[in-house]
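S.K.: Here it is, the structure, as structure tokens.
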Protein chains: 2
Amino acid sequence: MLGSGNVASHLSKALIRSGNPVLQVWSKTHQNAIKLALEIGADSIVDLNEISNDVDLVIIAVADDAIAAVANLIQCKDWLVVHTSGSTECAVLNQHPKYGVLYPLQTFSKDVELDFSQVPLCIEANNKETENSLLQLGSTLSTNVRVINSLSRLNLHVAAVFACNFTNYLFSLSQNLLEKNDLSFDIIRPLIFETVKKIESNLPADVQTGPAVRNDRKTMQKHLERLQNEPEWQDLYRLISQSIVKKYQGS
Amino acid sequence: MLGSGNVASHLSKALIRSGNPVLQVWSKTHQNAIKLALEIGADSIVDLNEISNDVDLVIIAVADDAIAAVANLIQCKDWLVVHTSGSTECAVLNQHPKYGVLYPLQTFSKDVELDFSQVPLCIEANNKETENSLLQLGSTLSTNVRVINSLSRLNLHVAAVFACNFTNYLFSLSQNLLEKNDLSFDIIRPLIFETVKKIESNLPADVQTGPAVRNDRKTMQKHLERLQNEPEWQDLYRLISQSIVKKYQGS
């Protein structure tokens, strides 16, 4: 396992739980490699040349910007080399004889446990044989494995940023707004849970609510006035509301 | 019950279930009043002058813009008049001897069932006696009732728009992005559920993930390129990402 961040950590643990031993951990910061290695009972290595010949699979779970550089430092041997990134092309690993992608479409935070068997795993590989190896490995990790090419995976990643990262950011703006007004975030949690419960069996476009979808300009104006000390939040409020009005009212 | 929309419909049913009979339903569009009245076993009335003297409480659950007008058409009698709006001042009802607000902080869609006992109810009233009446009624409807003044309620409503309406809109953009690329929304549901599961026991500001929080400019650039045919989505992507970068990287 090359990397020691959120994905590396969750994926290592999931691999071990599903009967796939993790032999070695490497990280740019050796201290982090030691920490993860200790946690999962693996060895930590300082140099990428130390990857053991007993290894079948080398997983590059580092920052997207560093994937190509790390791939270049790994010896080209018979092992399968994969990365775990949503927005990096599979071909960035093409100096290796066997390469591919194992992209878990999920949000990982270090101290938040999660059921890896429900994580959608997106697989890509340089040939059918490698694809089959990855599908087989994937099936031990998750019940939700599919083959997706680099362009689709990138599109999926953009959709994921909207659905997860941006969404969480709106939750945090909501948290900040409440804090500024001495209200606890607790009061809004039931609303958030219901918002998501609705889309368990509906498509979000069919259950949009709020002032913008009704084009209720008076309420939107009142809201913008409440945000007058936060021009950045006002801009966000305005842009998202305009986009909703345009979609639902066509104006 | 004056109104027949999402709030009127869910609130009527919750009232009846908790032992508070709903006698009459009025709506701007009489056909809608008939429909809701039939559903809940109440009478429908055509004119606001027909409100029965047997009524203790008149609930104005109409569009925010129409609350004042409807309140003016109701006779000033001994009944308690409330509205259910997050962003409308309590005082808009002050021609009535007893008035207040019963604001359910929740997102209601007509065909989506929900457990009303978990809905935070925000109460405001023109005096202590009315407040106590509303608190008592509220406690039959929900386990989560609190007194909140008009300004706090408005702030809460703004926070709710960010946390619920805007969030759902981002889900729907994600849905549209997937559809454009022949991918099903199903693939992203586990990610959304996990995003929200994380904030059951964390504050959203503490669990932000994604390219923007890492200031990963290369990935953000790739994502913007994927959105090149959707300038509106590009604008949203850019503005939200900039805001995240600024918050977490201070630049």
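Labels used: A, B, ... for chains in the order of the structure tokens, numbers from 1 for residues in each chain, and numbers from 1 for ligands as shown.
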For Leu236 (chain B), please output as a PDB file with N, CA, C and O atoms, in the first residue's frame all residues within 9 Å (counting only C-alpha atoms; exclusion window: fewer than 4 positions along the same chain).
M.R.:
ATOM      1  N   LEU A 236     -23.136  32.832  -2.925  1.00  0.00           N
ATOM      2  CA  LEU A 236     -23.537  31.433  -3.069  1.00  0.00           C
ATOM      3  C   LEU A 236     -25.056  31.305  -3.068  1.00  0.00           C
ATOM      4  O   LEU A 236     -25.640  30.599  -3.894  1.00  0.00           O
ATOM      5  N   LEU A 239     -26.393  32.641  -6.464  1.00  0.00           N
ATOM      6  CA  LEU A 239     -26.089  31.808  -7.636  1.00  0.00           C
ATOM      7  C   LEU A 239     -26.889  30.502  -7.623  1.00  0.00           C
ATOM      8  O   LEU A 239     -27.458  30.096  -8.643  1.00  0.00           O
ATOM      9  N   ILE A 240     -26.945  29.857  -6.458  1.00  0.00           N
ATOM     10  CA  ILE A 240     -27.676  28.579  -6.398  1.00  0.00           C
ATOM     11  C   ILE A 240     -29.173  28.825  -6.593  1.00  0.00           C
ATOM     12  O   ILE A 240     -29.849  28.108  -7.330  1.00  0.00           O
ATOM     13  N   SER A 243     -30.014  29.478 -10.177  1.00  0.00           N
ATOM     14  CA  SER A 243     -29.945  28.250 -10.953  1.00  0.00           C
ATOM     15  C   SER A 243     -31.207  27.408 -10.741  1.00  0.00           C
ATOM     16  O   SER A 243     -31.744  26.822 -11.689  1.00  0.00           O
TER      17      SER A 243
ATOM     18  N   PRO B 231     -21.991  25.976 -18.654  1.00  0.00           N
ATOM     19  CA  PRO B 231     -21.358  27.128 -17.994  1.00  0.00           C
ATOM     20  C   PRO B 231     -21.963  27.440 -16.612  1.00  0.00           C
ATOM     21  O   PRO B 231     -21.248  27.860 -15.705  1.00  0.00           O
ATOM     22  N   GLU B 232     -23.254  27.161 -16.456  1.00  0.00           N
ATOM     23  CA  GLU B 232     -23.902  27.428 -15.173  1.00  0.00           C
ATOM     24  C   GLU B 232     -23.347  26.510 -14.072  1.00  0.00           C
ATOM     25  O   GLU B 232     -23.098  26.944 -12.952  1.00  0.00           O
ATOM     26  N   ILE B 240     -18.235  27.519  -5.371  1.00  0.00           N
ATOM     27  CA  ILE B 240     -18.217  26.702  -4.151  1.00  0.00           C
ATOM     28  C   ILE B 240     -16.783  26.256  -3.842  1.00  0.00           C
ATOM     29  O   ILE B 240     -16.338  26.318  -2.696  1.00  0.00           O
ATOM     30  N   SER B 241     -16.046  25.866  -4.873  1.00  0.00           N
ATOM     31  CA  SER B 241     -14.665  25.425  -4.638  1.00  0.00           C
ATOM     32  C   SER B 241     -13.807  26.555  -4.083  1.00  0.00           C
ATOM     33  O   SER B 241     -13.033  26.359  -3.144  1.00  0.00           O
TER      34      SER B 241
END
S.K.: Can I get the residues of chain A within 7 Å of chain B, each with the closest pair of atoms and their distance in Å to one decimal, using only C-alpha atoms, sorted chain first then ascending number, as CSV?
M.R.:
residue,atom,partner,partner_atom,distance
A:Ser87,CA,B:Thr219,CA,6.6
A:Leu105,CA,B:Leu191,CA,6.8
A:Gln106,CA,B:Leu191,CA,5.0
A:Thr107,CA,B:Leu191,CA,6.5
A:Ser109,CA,B:Val207,CA,6.6
A:Val112,CA,B:Lys198,CA,6.9
A:Val119,CA,B:Pro190,CA,6.8
A:Pro120,CA,B:Ile187,CA,6.8
A:Asn155,CA,B:Arg226,CA,6.9
A:Leu156,CA,B:Leu178,CA,6.7
A:Val158,CA,B:His223,CA,5.8
A:Ala159,CA,B:Ser174,CA,4.5
A:Ala160,CA,B:Ile188,CA,6.9
A:Val161,CA,B:Gly210,CA,6.7
A:Phe162,CA,B:Leu170,CA,5.6
A:Ala163,CA,B:Phe171,CA,5.0
A:Cys164,CA,B:Thr195,CA,5.9
A:Asn165,CA,B:Gly210,CA,5.6
A:Phe166,CA,B:Ile240,CA,6.8
A:Thr167,CA,B:Thr167,CA,5.3
A:Asn168,CA,B:Pro204,CA,6.0
A:Tyr169,CA,B:Gln208,CA,6.8
A:Leu170,CA,B:Phe162,CA,5.6
A:Phe171,CA,B:Ala163,CA,5.0
A:Ser172,CA,B:Ala205,CA,4.9
A:Ser174,CA,B:Ala159,CA,4.5
A:Leu177,CA,B:Ala159,CA,6.0
A:Leu178,CA,B:Ala159,CA,6.6
A:Ile187,CA,B:Pro120,CA,6.8
A:Ile188,CA,B:Ala160,CA,6.9
A:Pro190,CA,B:Val119,CA,6.8
A:Leu191,CA,B:Gln106,CA,5.0
A:Ile192,CA,B:Cys164,CA,5.9
A:Thr195,CA,B:Cys164,CA,5.9
A:Lys198,CA,B:Val112,CA,6.9
A:Pro204,CA,B:Ser172,CA,4.9
A:Ala205,CA,B:Ser172,CA,4.9
A:Val207,CA,B:Ser109,CA,6.6
A:Gln208,CA,B:Asn168,CA,6.4
A:Thr209,CA,B:Asn165,CA,5.8
A:Gly210,CA,B:Asn165,CA,5.6
A:Thr219,CA,B:Ser87,CA,6.6
A:His223,CA,B:Val158,CA,5.8
A:Arg226,CA,B:Asn155,CA,6.9
A:Ile240,CA,B:Phe166,CA,6.8
S.K.: Name the residues in contact with Ala66 (chain B) at a cut-off of 12 Å, using only C-alpha atoms, excluding same-chain residues fewer than 2 positions from it; report them as a ChimeraX atom specification.
M.R.: /A:216,218-219 /B:2-3,27-28,60-64,68-73,83,85,88,92-93
S.K.: Which parts of region 112-216 of chain B does DSSP call helix (DSSP H, G or I) when run on the backbone here, written out as an NGL selection string?
M.R.: :B and (116-118 or 128-141 or 150-180 or 185-198 or 204-206)
S.K.: Do a neighbour search on Ile148 (chain B) at 7 Å with only C-alpha atoms, toss out local chain neighbours closer than 4 positions, and write the hits as an MDAnalysis selection string.
M.R.: chainID B and resid 122:124 152:153
S.K.: For the residues in the current selection, export N, CA, C and O atoms as a JSON list (two decimals), in the first residue's frame.
M.R.:
[["chain", "number", "residue", "atom", "x", "y", "z"],
["B", 122, "CYS", "N", -40.82, 25.07, 16.03],
["B", 122, "CYS", "CA", -40.43, 26.36, 16.59],
["B", 122, "CYS", "C", -41.68, 27.19, 16.85],
["B", 122, "CYS", "O", -42.46, 27.46, 15.94],
["B", 123, "ILE", "N", -41.80, 27.59, 18.10],
["B", 123, "ILE", "CA", -43.01, 28.25, 18.60],
["B", 123, "ILE", "C", -42.71, 29.72, 18.88],
["B", 123, "ILE", "O", -41.64, 30.06, 19.39],
["B", 124, "GLU", "N", -43.66, 30.59, 18.55],
["B", 124, "GLU", "CA", -43.59, 31.98, 19.00],
["B", 124, "GLU", "C", -45.02, 32.42, 19.27],
["B", 124, "GLU", "O", -45.95, 31.94, 18.60],
["B", 152, "SER", "N", -34.56, 34.91, 15.05],
["B", 152, "SER", "CA", -33.86, 33.62, 15.09],
["B", 152, "SER", "C", -34.48, 32.63, 14.12],
["B", 152, "SER", "O", -33.77, 31.84, 13.49],
["B", 153, "ARG", "N", -35.81, 32.67, 14.02],
["B", 153, "ARG", "CA", -36.47, 31.75, 13.10],
["B", 153, "ARG", "C", -36.06, 32.03, 11.66],
["B", 153, "ARG", "O", -35.84, 31.12, 10.87]]
S.K.: Can you check which residues of region 30-188 of chain B DSSP gives as strand (DSSP E) on the backbone and send them as a list in words?
M.R.: Asp43, Ser44, Ile45, Leu57, Val58, Ile59, Ile60, Leu80, Val81, Val82, His83, Lys98, Tyr99, Gly100, Val101, Leu102, Tyr103, Pro104, Leu121, Cys122, Ile123, Glu124, Ala125, Val145, Arg146 and Val147 of chain B
S.K.: Limited to N, CA and C atoms, could you put the picked residues into a file as a compact mmCIF listing (two decimals), in the first residue's frame?
M.R.:
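Below is the file out.txt, written as the result:
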# COMPACT_ATOMS: atom_id res chain seq x y z
N ASP B 43 -64.45 19.13 6.92
CA ASP B 43 -65.28 19.87 5.97
C ASP B 43 -64.39 20.82 5.18
N SER B 44 -64.79 21.08 3.95
CA SER B 44 -64.09 22.13 3.21
C SER B 44 -64.95 23.37 3.18
N ILE B 45 -64.34 24.54 3.28
CA ILE B 45 -65.11 25.78 3.20
C ILE B 45 -64.61 26.61 2.02
N LEU B 57 -58.30 27.01 17.06
CA LEU B 57 -57.02 27.38 16.45
C LEU B 57 -57.20 27.48 14.94
N VAL B 58 -56.74 28.59 14.38
CA VAL B 58 -56.75 28.75 12.92
C VAL B 58 -55.30 28.73 12.45
N ILE B 59 -54.96 27.75 11.60
CA ILE B 59 -53.58 27.61 11.12
C ILE B 59 -53.49 28.11 9.69
N ILE B 60 -52.66 29.14 9.49
CA ILE B 60 -52.46 29.68 8.14
C ILE B 60 -51.21 29.04 7.56
N LEU B 80 -57.15 31.30 18.43
CA LEU B 80 -55.71 31.56 18.27
C LEU B 80 -55.38 31.40 16.78
N VAL B 81 -54.72 32.43 16.23
CA VAL B 81 -54.34 32.40 14.81
C VAL B 81 -52.82 32.24 14.71
N VAL B 82 -52.37 31.21 13.99
CA VAL B 82 -50.93 31.03 13.81
C VAL B 82 -50.59 30.85 12.34
N HIS B 83 -49.35 31.19 11.99
CA HIS B 83 -48.86 30.78 10.68
C HIS B 83 -47.72 29.78 10.87
N LYS B 98 -55.19 36.80 19.84
CA LYS B 98 -54.21 35.75 20.19
C LYS B 98 -53.57 35.26 18.90
N TYR B 99 -52.25 35.36 18.84
CA TYR B 99 -51.60 34.92 17.60
C TYR B 99 -50.21 34.36 17.89
N GLY B 100 -49.69 33.67 16.92
CA GLY B 100 -48.37 33.06 17.11
C GLY B 100 -47.88 32.36 15.86
N VAL B 101 -46.82 31.59 16.06
CA VAL B 101 -46.19 30.86 14.96
C VAL B 101 -45.95 29.40 15.39
N LEU B 102 -46.17 28.50 14.48
CA LEU B 102 -45.90 27.08 14.68
C LEU B 102 -45.13 26.64 13.44
N TYR B 103 -43.79 26.75 13.53
CA TYR B 103 -42.96 26.51 12.34
C TYR B 103 -42.29 25.15 12.43
N PRO B 104 -42.71 24.22 11.58
CA PRO B 104 -42.04 22.91 11.57
C PRO B 104 -40.79 22.99 10.70
N LEU B 121 -40.17 21.67 16.20
CA LEU B 121 -41.24 22.68 16.07
C LEU B 121 -40.79 23.96 16.76
N CYS B 122 -40.82 25.07 16.03
CA CYS B 122 -40.43 26.36 16.59
C CYS B 122 -41.68 27.19 16.85
N ILE B 123 -41.80 27.59 18.10
CA ILE B 123 -43.01 28.25 18.60
C ILE B 123 -42.71 29.72 18.88
N GLU B 124 -43.66 30.59 18.55
CA GLU B 124 -43.59 31.98 19.00
C GLU B 124 -45.02 32.42 19.27
N ALA B 125 -45.22 33.34 20.20
CA ALA B 125 -46.60 33.76 20.52
C ALA B 125 -46.60 35.19 21.01
N VAL B 145 -39.76 20.53 20.67
CA VAL B 145 -40.46 21.81 20.57
C VAL B 145 -39.67 22.87 21.30
N ARG B 146 -39.49 24.04 20.70
CA ARG B 146 -38.78 25.11 21.39
C ARG B 146 -39.34 26.47 21.01
N VAL B 147 -39.15 27.45 21.91
CA VAL B 147 -39.60 28.82 21.64
C VAL B 147 -38.46 29.55 20.94
S.K.: When you draw a straight line from CA of Ser142 (chain A) to CA of Leu48 (chain A), how long is it in Å?
M.R.: 28.6 Å
S.K.: I want to know what sits within 10 Å of Glu39 (chain B), based on only C-alpha atoms, with residues of the same chain fewer than 6 positions away left out; could you give that as a list in words?
M.R.: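 Once the nearby chain positions are removed, what remains is Ser9, Ser12, Lys13 and Ala33 of chain B.
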S.K.: Output all heavy atoms for every residue in that selection, as a tab-separated table (two decimals), in the first residue's frame.
M.R.:
chain	number	residue	atom	x	y	z
B	9	SER	N	-50.89	19.76	4.49
B	9	SER	CA	-51.26	18.36	4.40
B	9	SER	C	-50.59	17.51	5.49
B	9	SER	O	-51.26	16.77	6.23
B	9	SER	CB	-50.88	17.87	3.00
B	9	SER	OG	-50.92	16.48	2.93
B	12	SER	N	-51.86	18.67	9.06
B	12	SER	CA	-53.23	18.20	9.33
B	12	SER	C	-53.22	16.76	9.78
B	12	SER	O	-53.87	16.39	10.78
B	12	SER	CB	-54.09	18.29	8.05
B	12	SER	OG	-54.24	19.62	7.65
B	13	LYS	N	-52.49	15.94	9.05
B	13	LYS	CA	-52.47	14.51	9.39
B	13	LYS	C	-51.82	14.27	10.75
B	13	LYS	O	-52.27	13.44	11.53
B	13	LYS	CB	-51.76	13.72	8.29
B	13	LYS	CG	-52.60	13.65	7.01
B	13	LYS	CD	-51.82	13.16	5.81
B	13	LYS	CE	-52.62	13.49	4.53
B	13	LYS	NZ	-51.82	13.27	3.30
B	33	ALA	N	-58.89	22.27	-1.43
B	33	ALA	CA	-59.45	22.16	-0.08
B	33	ALA	C	-60.32	20.92	0.02
B	33	ALA	O	-60.25	20.16	0.99
B	33	ALA	CB	-60.27	23.41	0.25
S.K.: If you measure from CA of Asn20 (chain A) to CA of Leu137 (chain A), what distance in Å do you get, rounded to one decimal?
M.R.: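 Taking CA of Asn20 (chain A) as the start and CA of Leu137 (chain A) as the end point, the length is 8.4 Å.
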